[in-house]
Structure formats: C-alpha cells, structure tokens
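The file entry20.tsv comes next; it holds TSV, C-alpha atoms and all ligand atoms.
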```tsv
chain	number	residue	atom	x	y	z
A	1	MET	CA	10.28	-13.75	38.49
A	2	SER	CA	9.81	-13.80	34.71
A	3	LYS	CA	10.92	-16.82	32.74
A	4	PRO	CA	13.84	-16.64	30.26
A	5	LYS	CA	12.79	-15.26	26.88
A	6	ILE	CA	12.73	-18.10	24.38
A	7	LEU	CA	12.45	-17.35	20.66
A	8	ILE	CA	11.73	-20.28	18.35
A	9	GLN	CA	13.03	-19.49	14.87
A	10	PHE	CA	11.10	-21.28	12.11
A	11	ASP	CA	12.77	-21.43	8.73
A	12	PRO	CA	11.95	-23.59	5.68
A	13	ASP	CA	15.58	-23.31	4.47
A	14	ALA	CA	18.21	-25.96	5.22
A	15	HIS	CA	19.95	-23.53	7.57
A	16	ALA	CA	17.97	-21.12	9.70
A	17	SER	CA	18.92	-17.55	8.80
A	18	VAL	CA	22.04	-16.43	10.68
A	19	PHE	CA	20.99	-12.82	10.13
A	20	ASP	CA	17.70	-13.39	11.95
A	21	SER	CA	19.49	-15.24	14.77
A	22	VAL	CA	21.96	-12.41	15.34
A	23	VAL	CA	19.15	-9.84	15.44
A	24	ALA	CA	17.28	-12.02	17.94
A	25	VAL	CA	20.28	-12.20	20.28
A	26	ASP	CA	20.94	-8.46	19.91
A	27	SER	CA	17.30	-7.82	20.81
A	28	GLY	CA	17.67	-9.50	24.19
A	29	VAL	CA	16.45	-13.03	23.54
A	30	ASP	CA	17.81	-15.38	26.24
A	31	GLN	CA	17.46	-18.66	24.38
A	32	LEU	CA	17.11	-19.12	20.63
A	33	LEU	CA	15.75	-22.44	19.36
A	34	LEU	CA	16.50	-22.93	15.68
A	35	GLN	CA	14.07	-24.94	13.58
A	36	PRO	CA	15.46	-25.26	10.02
A	37	ASN	CA	13.90	-27.29	7.20
A	38	VAL	CA	10.40	-26.73	8.57
A	39	SER	CA	7.50	-27.76	6.35
A	40	GLU	CA	3.79	-27.08	6.83
A	41	ARG	CA	3.16	-30.49	8.33
A	42	ASP	CA	5.78	-29.86	11.07
A	43	VAL	CA	4.26	-26.61	12.27
A	44	GLN	CA	1.47	-27.85	14.53
A	45	GLY	CA	3.74	-30.05	16.67
A	46	LEU	CA	6.35	-27.34	17.02
A	47	VAL	CA	3.82	-24.65	17.92
A	48	HIS	CA	2.11	-26.94	20.42
A	49	GLY	CA	5.51	-27.45	22.03
A	50	ALA	CA	5.71	-23.67	22.48
A	51	MET	CA	2.10	-23.25	23.67
A	52	PHE	CA	1.69	-26.09	26.13
A	53	THR	CA	4.93	-25.97	28.13
A	54	ARG	CA	4.48	-22.83	30.20
A	55	GLY	CA	1.46	-21.63	32.16
A	56	PRO	CA	-0.70	-18.91	30.58
A	57	GLU	CA	0.93	-16.21	32.72
A	58	ASP	CA	4.38	-17.20	31.36
A	59	LEU	CA	3.43	-17.59	27.70
A	60	ARG	CA	4.59	-14.04	26.99
A	61	SER	CA	8.14	-15.31	27.55
A	62	THR	CA	7.91	-17.68	24.57
A	63	ALA	CA	7.61	-16.32	21.01
A	64	LEU	CA	7.92	-17.46	17.40
A	65	PHE	CA	9.85	-15.90	14.53
A	66	PHE	CA	9.27	-16.95	10.91
A	67	GLY	CA	12.09	-16.26	8.46
A	68	GLY	CA	13.55	-17.84	5.34
A	69	SER	CA	14.52	-17.02	1.79
A	70	ASN	CA	11.28	-18.12	0.14
A	71	VAL	CA	8.55	-15.73	1.21
A	72	GLU	CA	5.61	-17.86	0.02
A	73	ARG	CA	6.84	-20.97	1.83
A	74	THR	CA	7.35	-19.04	5.06
A	75	GLU	CA	3.93	-17.43	4.83
A	76	ALA	CA	2.38	-20.88	4.49
A	77	LEU	CA	4.08	-21.81	7.78
A	78	VAL	CA	2.71	-18.68	9.45
A	79	ARG	CA	-0.84	-19.57	8.32
A	80	GLU	CA	-0.45	-23.02	9.89
A	81	ALA	CA	0.90	-21.56	13.13
A	82	LYS	CA	-2.00	-19.14	13.51
A	83	LYS	CA	-4.45	-22.05	13.21
A	84	CYS	CA	-2.93	-23.63	16.37
A	85	PHE	CA	-3.87	-20.78	18.73
A	86	PHE	CA	-7.11	-20.70	20.70
A	87	GLY	CA	-8.38	-18.51	23.53
A	88	PRO	CA	-5.51	-17.47	25.80
A	89	MET	CA	-3.43	-20.42	24.56
A	90	ARG	CA	-1.19	-18.61	22.13
A	91	VAL	CA	2.27	-17.11	21.81
A	92	SER	CA	3.31	-13.98	19.95
A	93	LEU	CA	4.79	-14.31	16.48
A	94	MET	CA	6.63	-12.22	13.93
A	95	SER	CA	6.97	-12.91	10.21
A	96	ASP	CA	9.82	-11.38	8.20
A	97	PRO	CA	10.99	-13.79	5.47
A	98	ASN	CA	13.97	-12.35	3.60
A	99	GLY	CA	13.48	-9.16	5.60
A	100	CYS	CA	10.59	-8.19	3.35
A	101	ASN	CA	8.26	-6.75	6.00
A	102	THR	CA	10.86	-4.75	7.93
A	103	THR	CA	12.48	-3.50	4.68
A	104	ALA	CA	9.19	-2.38	3.11
A	105	ALA	CA	8.12	-0.68	6.33
A	106	ALA	CA	11.44	1.17	6.63
A	107	ALA	CA	11.35	2.20	2.95
A	108	VAL	CA	7.84	3.64	3.17
A	109	LEU	CA	8.54	5.40	6.47
A	110	CYS	CA	11.73	6.96	5.06
A	111	ALA	CA	9.78	8.28	2.07
A	112	GLN	CA	7.12	9.64	4.41
A	113	GLN	CA	9.75	11.64	6.26
A	114	SER	CA	10.05	13.72	3.11
A	115	ILE	CA	6.58	13.62	1.55
A	116	ASP	CA	2.94	13.01	2.45
A	117	LEU	CA	2.06	10.00	0.31
A	118	ALA	CA	-1.67	10.66	0.16
A	119	ASP	CA	-2.94	11.47	-3.34
A	120	LYS	CA	0.53	11.04	-4.83
A	121	THR	CA	1.82	9.13	-7.82
A	122	ILE	CA	4.21	6.41	-6.69
A	123	THR	CA	6.37	4.25	-8.94
A	124	VAL	CA	7.49	0.86	-7.63
A	125	LEU	CA	10.29	-0.55	-9.81
A	126	GLY	CA	10.57	-4.27	-9.05
A	127	VAL	CA	7.50	-5.82	-7.47
A	128	GLY	CA	8.91	-8.90	-5.74
A	129	PRO	CA	8.25	-9.61	-2.04
A	130	VAL	CA	9.61	-6.23	-0.89
A	131	GLY	CA	7.92	-4.25	-3.67
A	132	GLN	CA	4.58	-5.97	-3.04
A	133	ARG	CA	4.69	-5.00	0.62
A	134	ILE	CA	5.59	-1.43	-0.29
A	135	VAL	CA	2.47	-1.39	-2.47
A	136	HIS	CA	0.45	-2.87	0.39
A	137	LEU	CA	1.63	-0.13	2.76
A	138	VAL	CA	1.22	2.83	0.43
A	139	THR	CA	-2.26	1.74	-0.59
A	140	GLY	CA	-3.49	1.07	2.93
A	141	PRO	CA	-2.34	1.96	6.40
A	142	ALA	CA	0.50	4.20	5.34
A	143	THR	CA	-1.86	6.67	3.70
A	144	GLU	CA	-4.64	5.74	6.09
A	145	GLY	CA	-6.94	5.44	3.10
A	146	LEU	CA	-7.63	9.19	3.22
A	147	VAL	CA	-6.88	10.15	-0.32
A	148	ARG	CA	-6.21	7.56	-2.93
A	149	PRO	CA	-2.71	7.35	-4.34
A	150	ARG	CA	-1.82	6.18	-7.84
A	151	ILE	CA	0.70	3.36	-7.85
A	152	ARG	CA	2.66	2.39	-10.96
A	153	ILE	CA	3.38	-1.32	-10.75
A	154	CYS	CA	6.47	-2.05	-12.87
A	155	SER	CA	7.76	-5.26	-14.36
A	156	ARG	CA	10.01	-6.09	-17.27
A	157	THR	CA	7.03	-7.81	-18.88
A	158	LYS	CA	3.68	-6.17	-19.43
A	159	GLU	CA	1.73	-9.39	-18.73
A	160	LYS	CA	3.40	-9.74	-15.34
A	161	ALA	CA	2.70	-6.09	-14.46
A	162	VAL	CA	-0.99	-6.57	-15.35
A	163	LYS	CA	-1.18	-9.84	-13.40
A	164	LEU	CA	0.51	-8.25	-10.36
A	165	CYS	CA	-1.99	-5.37	-10.45
A	166	ASP	CA	-4.91	-7.86	-10.54
A	167	GLU	CA	-3.46	-9.93	-7.68
A	168	LEU	CA	-2.65	-6.89	-5.56
A	169	ARG	CA	-6.15	-5.40	-6.11
A	170	GLU	CA	-7.59	-8.66	-4.83
A	171	SER	CA	-5.29	-9.03	-1.81
A	172	ILE	CA	-5.28	-5.38	-0.71
A	173	PRO	CA	-8.77	-3.88	-0.57
A	174	SER	CA	-8.03	-0.23	-1.25
A	175	GLU	CA	-9.16	2.83	-3.13
A	176	ALA	CA	-5.69	3.16	-4.65
A	177	GLU	CA	-5.34	3.09	-8.40
A	178	LEU	CA	-2.87	0.42	-9.53
A	179	ILE	CA	-1.44	1.05	-13.00
A	180	PRO	CA	0.69	-1.58	-14.78
A	181	PHE	CA	3.90	-0.39	-16.45
A	182	GLN	CA	6.32	-2.36	-18.57
A	183	THR	CA	9.92	-1.44	-17.68
A	184	GLY	CA	11.93	-3.76	-19.91
A	185	SER	CA	14.14	-0.99	-21.33
A	186	ALA	CA	15.81	2.18	-20.01
A	187	GLU	CA	13.32	4.32	-21.96
A	188	GLU	CA	10.34	2.47	-20.48
A	189	THR	CA	11.76	2.86	-16.98
A	190	ILE	CA	12.16	6.61	-17.51
A	191	ALA	CA	8.54	6.76	-18.72
A	192	ALA	CA	7.46	4.93	-15.55
A	193	ILE	CA	8.93	7.66	-13.31
A	194	ASP	CA	7.86	10.60	-15.45
A	195	GLY	CA	5.58	12.78	-13.31
A	196	ALA	CA	5.79	10.44	-10.32
A	197	ASP	CA	6.21	12.01	-6.89
A	198	VAL	CA	8.10	9.06	-5.38
A	199	VAL	CA	10.11	6.17	-6.85
A	200	PHE	CA	10.98	3.03	-4.93
A	201	GLY	CA	13.79	0.91	-6.45
A	202	ALA	CA	13.00	-2.62	-5.27
A	203	ALA	CA	14.28	-4.88	-8.06
A	204	ALA	CA	16.75	-7.72	-7.55
A	205	ALA	CA	20.11	-6.94	-5.96
A	206	GLY	CA	22.81	-5.50	-8.23
A	207	VAL	CA	20.44	-4.31	-10.97
A	208	GLU	CA	20.75	-0.72	-12.19
A	209	LEU	CA	17.20	0.33	-12.93
A	210	LEU	CA	17.65	4.03	-13.62
A	211	VAL	CA	20.82	5.06	-15.43
A	212	ASP	CA	22.72	8.34	-15.25
A	213	GLY	CA	20.65	11.35	-16.22
A	214	TRP	CA	17.25	10.52	-14.76
A	215	MET	CA	17.56	13.21	-12.08
A	216	GLU	CA	17.98	15.82	-14.82
A	217	GLY	CA	14.71	14.87	-16.51
A	218	GLU	CA	11.90	17.41	-16.82
A	219	ARG	CA	9.83	15.97	-13.97
A	220	PRO	CA	12.03	13.82	-11.71
A	221	PRO	CA	10.40	12.35	-8.59
A	222	ALA	CA	10.66	14.48	-5.45
A	223	VAL	CA	11.73	11.41	-3.42
A	224	ALA	CA	13.77	8.33	-4.42
A	225	VAL	CA	14.27	5.25	-2.25
A	226	ASP	CA	16.81	2.69	-3.52
A	227	LEU	CA	16.84	-0.65	-1.69
A	228	ASN	CA	19.65	-2.27	-3.65
A	229	ALA	CA	22.83	-2.43	-1.58
A	230	VAL	CA	24.85	-4.36	-4.17
A	231	PRO	CA	26.75	-2.07	-6.61
A	232	PRO	CA	25.87	-0.51	-8.95
A	233	ALA	CA	23.11	1.52	-7.28
A	234	GLY	CA	19.61	0.60	-8.39
A	235	LEU	CA	18.79	4.28	-8.96
A	236	HIS	CA	21.95	5.88	-10.36
A	237	GLY	CA	23.13	8.80	-8.23
A	238	VAL	CA	21.45	7.66	-5.03
A	239	GLU	CA	24.29	6.91	-2.62
A	240	VAL	CA	23.97	3.79	-0.52
A	241	MET	CA	24.26	5.75	2.77
A	242	ASP	CA	21.77	8.48	1.78
A	243	ARG	CA	19.14	9.22	4.37
A	244	GLY	CA	17.31	12.29	3.13
A	245	GLU	CA	20.16	13.87	1.10
A	246	LYS	CA	18.99	16.17	-1.68
A	247	ARG	CA	20.60	15.36	-5.01
A	248	LYS	CA	19.56	17.75	-7.80
A	249	SER	CA	15.89	18.22	-6.90
A	250	THR	CA	15.31	14.70	-5.49
A	251	VAL	CA	15.52	13.74	-1.81
A	252	CYS	CA	17.36	10.40	-1.72
A	253	TYR	CA	17.40	7.35	0.53
A	254	GLY	CA	19.94	4.58	-0.15
A	255	ALA	CA	19.91	0.93	0.86
A	256	ILE	CA	22.09	1.27	3.95
A	257	GLY	CA	20.37	4.52	4.90
A	258	VAL	CA	17.07	2.64	4.90
A	259	GLY	CA	18.69	-0.55	6.24
A	260	GLY	CA	19.81	1.07	9.51
A	261	PHE	CA	16.22	1.98	10.29
A	262	LYS	CA	15.01	-1.45	9.14
A	263	MET	CA	17.33	-3.01	11.75
A	264	LYS	CA	15.90	-0.81	14.49
A	265	ILE	CA	12.38	-1.86	13.51
A	266	HIS	CA	13.38	-5.54	13.50
A	267	ARG	CA	14.95	-5.35	16.96
A	268	ARG	CA	12.02	-3.44	18.44
A	269	CYS	CA	9.57	-5.98	16.99
A	270	ILE	CA	11.48	-8.85	18.62
A	271	GLN	CA	11.41	-7.05	21.97
A	272	MET	CA	7.67	-6.44	21.63
A	273	LEU	CA	7.00	-10.14	21.13
A	274	PHE	CA	7.81	-10.61	24.82
A	275	GLU	CA	5.48	-7.89	26.09
A	276	SER	CA	2.36	-10.06	25.71
A	277	ASN	CA	1.49	-13.47	24.29
A	278	ASP	CA	-1.03	-12.34	21.66
A	279	GLN	CA	0.90	-10.33	19.10
A	280	ILE	CA	0.99	-11.13	15.40
A	281	LEU	CA	3.60	-8.93	13.72
A	282	GLU	CA	3.19	-8.97	9.94
A	283	VAL	CA	3.70	-6.15	7.47
A	284	GLU	CA	1.09	-3.70	8.81
A	285	GLN	CA	2.01	-4.22	12.46
A	286	VAL	CA	5.73	-4.01	11.61
A	287	TYR	CA	5.01	-0.72	9.85
A	288	ALA	CA	3.13	0.55	12.93
A	289	VAL	CA	6.13	-0.32	15.12
A	290	GLY	CA	8.39	1.63	12.75
A	291	ARG	CA	6.05	4.60	12.72
A	292	LYS	CA	6.10	4.72	16.50
A	293	LEU	CA	9.91	4.52	16.52
A	294	MET	CA	10.06	7.39	14.05
A	295	THR	CA	7.73	9.64	16.01
A	296	ASP	CA	9.04	8.88	19.54
A	301	LIG	N1	18.35	-2.49	2.39
A	301	LIG	C1	17.85	-3.53	3.03
A	301	LIG	O1	17.87	-3.58	4.26
A	301	LIG	C2	17.25	-4.68	2.25
A	301	LIG	C3	16.67	-5.79	2.88
A	301	LIG	C4	16.05	-6.79	2.11
A	301	LIG	C5	16.07	-6.65	0.73
A	301	LIG	N2	16.70	-5.59	0.15
A	301	LIG	C6	16.73	-5.40	-1.30
A	301	LIG	O2	15.41	-5.10	-1.75
A	301	LIG	C7	15.33	-5.43	-3.13
A	301	LIG	C8	14.05	-6.18	-3.40
A	301	LIG	O3	14.07	-7.43	-2.73
A	301	LIG	P1	13.15	-8.63	-3.26
A	301	LIG	O4	13.50	-9.82	-2.45
A	301	LIG	O5	11.74	-8.18	-3.36
A	301	LIG	O6	13.73	-8.75	-4.74
A	301	LIG	P2	13.64	-9.92	-5.83
A	301	LIG	O7	12.45	-10.77	-5.56
A	301	LIG	O8	14.97	-10.57	-5.94
A	301	LIG	O9	13.42	-9.09	-7.17
A	301	LIG	C9	12.32	-8.21	-7.34
A	301	LIG	C10	12.01	-8.06	-8.83
A	301	LIG	O10	13.13	-7.52	-9.52
A	301	LIG	C11	12.93	-7.76	-10.90
A	301	LIG	N3	14.21	-8.11	-11.54
A	301	LIG	C12	14.94	-9.24	-11.39
A	301	LIG	N4	16.04	-9.20	-12.17
A	301	LIG	C13	15.99	-8.02	-12.84
A	301	LIG	C14	16.82	-7.39	-13.81
A	301	LIG	N5	17.96	-7.98	-14.25
A	301	LIG	N6	16.44	-6.19	-14.29
A	301	LIG	C15	15.32	-5.56	-13.86
A	301	LIG	N7	14.48	-6.11	-12.95
A	301	LIG	C16	14.83	-7.32	-12.44
A	301	LIG	C17	11.93	-8.93	-11.01
A	301	LIG	O11	10.71	-8.39	-11.49
A	301	LIG	P3	10.17	-8.63	-13.00
A	301	LIG	O12	10.56	-10.01	-13.39
A	301	LIG	O13	8.71	-8.47	-12.80
A	301	LIG	O14	10.78	-7.56	-13.82
A	301	LIG	C18	11.75	-9.36	-9.57
A	301	LIG	O15	10.45	-9.83	-9.27
A	301	LIG	C19	16.62	-6.21	-3.46
A	301	LIG	O16	17.53	-5.35	-4.09
A	301	LIG	C20	17.13	-6.63	-2.09
A	301	LIG	O17	18.53	-6.82	-2.09
A	301	LIG	C21	17.25	-4.59	0.88
```
Exercise: express the given structure as structure tokens:
Amino acid sequence: MSKPKILIQFDPDAHASVFDSVVAVDSGVDQLLLQPNVSERDVQGLVHGAMFTRGPEDLRSTALFFGGSNVERTEALVREAKKCFFGPMRVSLMSDPNGCNTTAAAAVLCAQQSIDLADKTITVLGVGPVGQRIVHLVTGPATEGLVRPRIRICSRTKEKAVKLCDELRESIPSEAELIPFQTGSAEETIAAIDGADVVFGAAAAGVELLVDGWMEGERPPAVAVDLNAVPPAGLHGVEVMDRGEKRKSTVCYGAIGVGGFKMKIHRRCIQMLFESNDQILEVEQVYAVGRKLMTD
C-alpha cells in the first residue's frame, strides 16, 4: 500500500503562501507540512528530514515545493536543496515562487496556440521574474532552438534593459537575438511593439502599458498576452477573460484567460511530484508539463 502523499512547502516569507497550500490540497496532497521563514542554512536539515524518513521505495510519496514572494531568495533555497540529494536518496521538488514558472509557461503556451514563435519578433514589456522566464522559454525550449527569434527586452530605463539583455544572454545560452528597448513613455512603448509579432505584457500589477489606440496602429502584433489581472488592463483592449479572442487584428489572451491554464499546469505538476522521487520541476519542466496538457 502506498504511503500518504506528504508535500513539504518551503517558503522564505513569514507566512507560507496560502495560494500554494490550496493548490497543493486541490492536487491531492494528503498531508501538507508548512515551513515558513526558511533561510538557506535551514534547508539541509529540512531536506534530510524528508529524505531519510522513508525507505527508497516510498520516497516518491514525499515531495518538496518551493514558493514565496521573493524569487531570488526562493531560488537560493532550491539550490541548497538540490545539493542534499545523492544517488537514489532524493525526493521530487517543484519551484514556483510568486507563480513565475507556471505563469510564464502558461503565457508562452497560450501565445503558441495562435502563432509559431520560431523566427518571430517578440516584445516583452516588463522583465521581472515572470518576464525573464518568458524570455527563457521563447529563446530556448519553446522554439526548440530551430530558428532564432528576436526578443525585445523592455524596461523603463535603457541601462536596465541593456543590463537585463547581458544577464539573460549569459544565463540562457541561445541563438536568440536580445534587443534592449527603453519603454519609459507611451511613445517608446508603441515603438517597442511596432512590427512585433507577439507582445507579452508582464509589468507590475495594475500598470497600463499600452493605452487606447495601439491595436489600430499600422503594424500591431498578431498576438497579445496580458498578465496583469488588476485593473486597468496592462494592454488596453485585452479583456481579462480573453483566451484567443480576436480584437481588431490581434488575437488576445487576458490574465484570467491565461491564469486558468496556469492553475491546471500547477496542479498537474504537484501530482507529478508523486509519480517518482527524482523530478525537478523548474521553468523548462513546468513548460513541458503544460505543453503535454495542451496537446493531450
Ligand atoms: N495571471 C496570472 O496567473 C499571474 C500570476 C503571477 C503573476 N501575474 C502577473 O504577471 C505580471 C508580472 O509579474 P512579476 O512578478 O514579474 O512583476 P514585477 O516584478 O512586479 O514587475 C515586473 C516589471 O514591471 C516594471 N514596472 C514596475 N512598475 C511599473 C510601472 N509603474 N510602469 C511600467 N513598468 C513598471 C518593472 O520593470 P522596469 O523597472 O525595468 O521598468 C518591473 O521589473 C504582474 O502583473 C503579475 O500580477 C499574473
């Protein structure tokens, strides 16, 4: 008889994310162990507690989830956890701080429902944790490196856009061309989407990036994905529930439209953690799970 499924939720925040806990329960976890306020030095002891309590044949029934509001802090915890595993002594883990991996995967997969991203020009407005993972996916596994896309990396400050391009080139080995764009004004933001095939709106919540009229421009993007669920819309005219609606000549995806699929990906990833004890689900693997869900 298989052991109860235990998910240990690591979170550097003072309170472990309620959102992540609810998804875990809805995904069939039997017992959720919350670990808030986790720092790097705590990780080894906690992971050893997960690894050394059940026999190797039962380790698939214990898994780790890493969440939290500060993506860099959580990723540092994940690095520490991975160092603890050896040989068959390991448990599966998933990383999704602030929902960045599941959200980026869902956003890219939604866009791909409407357009083949290979050899396209893609504008990413707002290159925080979610935007960076969108760039990662469209420059690598999402296009399968077949034909190099051109990615416009947008920030309100030129220096930051240039720095982000340099950092992303280093962290994502790819043939993609990364082009920095300053988008500090409405005019600059319009210039950043001019001639682009796809625009992803991934700036902070509640920020209107593209104002009324952009869809009537001479060369509006064929596909627009807006991840901002807090009014006003990030890309004016994209409705929050859109999931492939055509508005003017642009196929639109809104934050809830994408979010529903993101939730499915999250739940499926949690279920997969308990299928074997050797899975590491980070952005590329999360994307692969989403792709399978979309094609099944
Ligand atoms: N639909 C879903 O299921 C879901 C799930 C998770 C997240 N989200 C949404 O995804 C989006 C991106 O999340 P994130 O955590 O990556 O965002 P974030 O870190 O809060 O912000 C991303 C970037 O937005 C830019 N920004 C901040 N304030 C701005 C302003 N007033 N005007 C223009 N740009 C501004 C900043 O870039 P610069 O300083 O370089 O300009 C910042 O790095 C958010 O809207 C979030 O709510 C959606």
task = Within 7 Å of ligand LIG 301 (chain A), which residues show up when you count all atoms listed in the file? List them as a ChimeraX atom specification, please.
result = /A:98-100,103,126-131,154-157,160-161,202-207,209,227-229,255-256,258-259,262
Write out the residues from the selection above, keeping C-alpha atoms, as an mmCIF file, keeping the file's coordinate frame.
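What ended up in result29.cif:
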```
data_model
loop_
_atom_site.group_PDB
_atom_site.id
_atom_site.type_symbol
_atom_site.label_atom_id
_atom_site.label_comp_id
_atom_site.auth_asym_id
_atom_site.auth_seq_id
_atom_site.Cartn_x
_atom_site.Cartn_y
_atom_site.Cartn_z
ATOM 1 C CA ASN A 98 13.970 -12.350 3.600
ATOM 2 C CA GLY A 99 13.480 -9.160 5.600
ATOM 3 C CA CYS A 100 10.590 -8.190 3.350
ATOM 4 C CA THR A 103 12.480 -3.500 4.680
ATOM 5 C CA GLY A 126 10.570 -4.270 -9.050
ATOM 6 C CA VAL A 127 7.500 -5.820 -7.470
ATOM 7 C CA GLY A 128 8.910 -8.900 -5.740
ATOM 8 C CA PRO A 129 8.250 -9.610 -2.040
ATOM 9 C CA VAL A 130 9.610 -6.230 -0.890
ATOM 10 C CA GLY A 131 7.920 -4.250 -3.670
ATOM 11 C CA CYS A 154 6.470 -2.050 -12.870
ATOM 12 C CA SER A 155 7.760 -5.260 -14.360
ATOM 13 C CA ARG A 156 10.010 -6.090 -17.270
ATOM 14 C CA THR A 157 7.030 -7.810 -18.880
ATOM 15 C CA LYS A 160 3.400 -9.740 -15.340
ATOM 16 C CA ALA A 161 2.700 -6.090 -14.460
ATOM 17 C CA ALA A 202 13.000 -2.620 -5.270
ATOM 18 C CA ALA A 203 14.280 -4.880 -8.060
ATOM 19 C CA ALA A 204 16.750 -7.720 -7.550
ATOM 20 C CA ALA A 205 20.110 -6.940 -5.960
ATOM 21 C CA GLY A 206 22.810 -5.500 -8.230
ATOM 22 C CA VAL A 207 20.440 -4.310 -10.970
ATOM 23 C CA LEU A 209 17.200 0.330 -12.930
ATOM 24 C CA LEU A 227 16.840 -0.650 -1.690
ATOM 25 C CA ASN A 228 19.650 -2.270 -3.650
ATOM 26 C CA ALA A 229 22.830 -2.430 -1.580
ATOM 27 C CA ALA A 255 19.910 0.930 0.860
ATOM 28 C CA ILE A 256 22.090 1.270 3.950
ATOM 29 C CA VAL A 258 17.070 2.640 4.900
ATOM 30 C CA GLY A 259 18.690 -0.550 6.240
ATOM 31 C CA LYS A 262 15.010 -1.450 9.140
#
```
request  = Neighbourhood query: residues within 12 Å of (-2.2, -24.0, 18.4), file coordinates, counting all atoms listed in the file; return as a PyMOL selection string.
outcome  = chain A and resi 43-52+78-92
Polymer residues at most 6 Å from Leu281 (chain A), only C-alpha atoms, same-chain spacing of 3 or more positions, as a list of chain:residue names = A:Met94, A:Gln285, A:Val286
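CA of Thr189 (chain A) is positioned 15.9 Å from CA of Glu159 (chain A).
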Two-atom distance - CA of Ile270 (chain A), CA of Arg243 (chain A) (Å) =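 Interatomic distance here is 24.3 Å.
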task = Considering only C-alpha atoms, state which residue in the set A:Asn37, A:Ala192, A:Gln31, A:Arg267 is at the smallest distance from Asp96 (chain A).
result = A:Arg267
inquiry  = When you look at Arg60 (chain A) with a cut-off of 7 Å (counting only C-alpha atoms), what residues show up, excluding the ones that are within fewer than 6 positions of it in the same chain? I need them as a list in words.
reply    = Val91, Phe274, Glu275, Ser276 and Asn277 of chain A
key: Straight-line distance linking CA of Val225 (chain A) with CA of Ala107 (chain A), stated in Å to one decimal   =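 We find that CA of Val225 (chain A) and CA of Ala107 (chain A) lie 6.7 Å from each other.
Distances to Val238 (chain A) were evaluated for A:Val199, A:Ile193, A:Met263, A:Ala76 using only C-alpha atoms, and the minimum falls at A:Val199.
Of the residues listed (A:Gln271, A:Gln9, A:Thr123, A:Ser2), A:Thr123 shows the shortest atom-to-atom separation from Ala191 (chain A); distances use all atoms listed in the file.
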Contacts of Gly237 (chain A) at 10 Å (only C-alpha atoms; same-chain gap of 4+ positions) as a list in words = Leu210, Val211, Asp212, Gly213, Trp214, Met215, Asp226, Pro232, Ala233, Arg247, Lys248, Cys252 and Gly254 of chain A
key: Sphere at (2.7, -3.7, -6.8), radius 8 Å, counting all atoms listed in the file: residues as a PyMOL selection string   = chain A and resi 124+127+131-136+151-154+164-165+168+178
Write the residues you've just listed into a file as a PDB file, keeping the file's coordinate frame, and include C-alpha atoms for each of them.
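This is the output file part-v9.pdb:
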```pdb
ATOM      1  CA  VAL A 124       7.490   0.860  -7.630  1.00  0.00           C
ATOM      2  CA  VAL A 127       7.500  -5.820  -7.470  1.00  0.00           C
ATOM      3  CA  GLY A 131       7.920  -4.250  -3.670  1.00  0.00           C
ATOM      4  CA  GLN A 132       4.580  -5.970  -3.040  1.00  0.00           C
ATOM      5  CA  ARG A 133       4.690  -5.000   0.620  1.00  0.00           C
ATOM      6  CA  ILE A 134       5.590  -1.430  -0.290  1.00  0.00           C
ATOM      7  CA  VAL A 135       2.470  -1.390  -2.470  1.00  0.00           C
ATOM      8  CA  HIS A 136       0.450  -2.870   0.390  1.00  0.00           C
ATOM      9  CA  ILE A 151       0.700   3.360  -7.850  1.00  0.00           C
ATOM     10  CA  ARG A 152       2.660   2.390 -10.960  1.00  0.00           C
ATOM     11  CA  ILE A 153       3.380  -1.320 -10.750  1.00  0.00           C
ATOM     12  CA  CYS A 154       6.470  -2.050 -12.870  1.00  0.00           C
ATOM     13  CA  LEU A 164       0.510  -8.250 -10.360  1.00  0.00           C
ATOM     14  CA  CYS A 165      -1.990  -5.370 -10.450  1.00  0.00           C
ATOM     15  CA  LEU A 168      -2.650  -6.890  -5.560  1.00  0.00           C
ATOM     16  CA  LEU A 178      -2.870   0.420  -9.530  1.00  0.00           C
TER      17      LEU A 178
END
```
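When only C-alpha atoms are used to measure the gap to Val289 (chain A), the shortest distance among A:Asn101, A:Ala196, A:Glu40, A:Gln35 belongs to A:Asn101.
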Counting only C-alpha atoms, the option among A:Arg291, A:Leu273, A:Pro221, A:Thr250 closest to Ile8 (chain A) =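 Once distances to Ile8 (chain A) are computed over only C-alpha atoms, the minimum belongs to A:Leu273.
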A:Leu64, A:Met294, A:Ala118, A:Cys269 ranked by distance to Val198 (chain A), top pick (using only C-alpha atoms) =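 Of A:Leu64, A:Met294, A:Ala118, A:Cys269, the one nearest Val198 (chain A) is A:Ala118, counting only C-alpha atoms.
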Atoms kept (N, CA and C atoms) for region 206-217 of chain A, as a compact mmCIF listing (two decimals), in the first residue's frame:
```txt
# COMPACT_ATOMS: atom_id res chain seq x y z
N GLY A 206 -1.49 46.20 -12.19
CA GLY A 206 -2.20 47.48 -12.19
C GLY A 206 -1.58 48.56 -13.06
N VAL A 207 -0.59 48.21 -13.86
CA VAL A 207 0.08 49.21 -14.71
C VAL A 207 -0.42 49.08 -16.14
N GLU A 208 -0.95 50.19 -16.69
CA GLU A 208 -1.38 50.18 -18.09
C GLU A 208 -0.17 50.51 -18.96
N LEU A 209 0.25 49.52 -19.70
CA LEU A 209 1.47 49.66 -20.51
C LEU A 209 1.17 50.24 -21.89
N LEU A 210 0.11 49.71 -22.50
CA LEU A 210 -0.30 50.17 -23.83
C LEU A 210 -1.66 50.83 -23.71
N VAL A 211 -1.75 52.08 -24.11
CA VAL A 211 -3.01 52.82 -23.94
C VAL A 211 -3.87 52.65 -25.19
N ASP A 212 -5.10 53.13 -25.08
CA ASP A 212 -6.09 53.00 -26.16
C ASP A 212 -5.47 53.43 -27.50
N GLY A 213 -5.73 52.64 -28.51
CA GLY A 213 -5.29 53.02 -29.86
C GLY A 213 -4.19 52.13 -30.43
N TRP A 214 -3.50 51.38 -29.57
CA TRP A 214 -2.37 50.61 -30.08
C TRP A 214 -2.79 49.54 -31.09
N MET A 215 -4.01 49.03 -30.93
CA MET A 215 -4.46 47.98 -31.86
C MET A 215 -4.74 48.53 -33.24
N GLU A 216 -4.91 49.88 -33.32
CA GLU A 216 -5.20 50.49 -34.62
C GLU A 216 -3.93 50.99 -35.30
N GLY A 217 -2.78 50.69 -34.70
CA GLY A 217 -1.52 51.11 -35.32
C GLY A 217 -1.32 50.44 -36.67
```
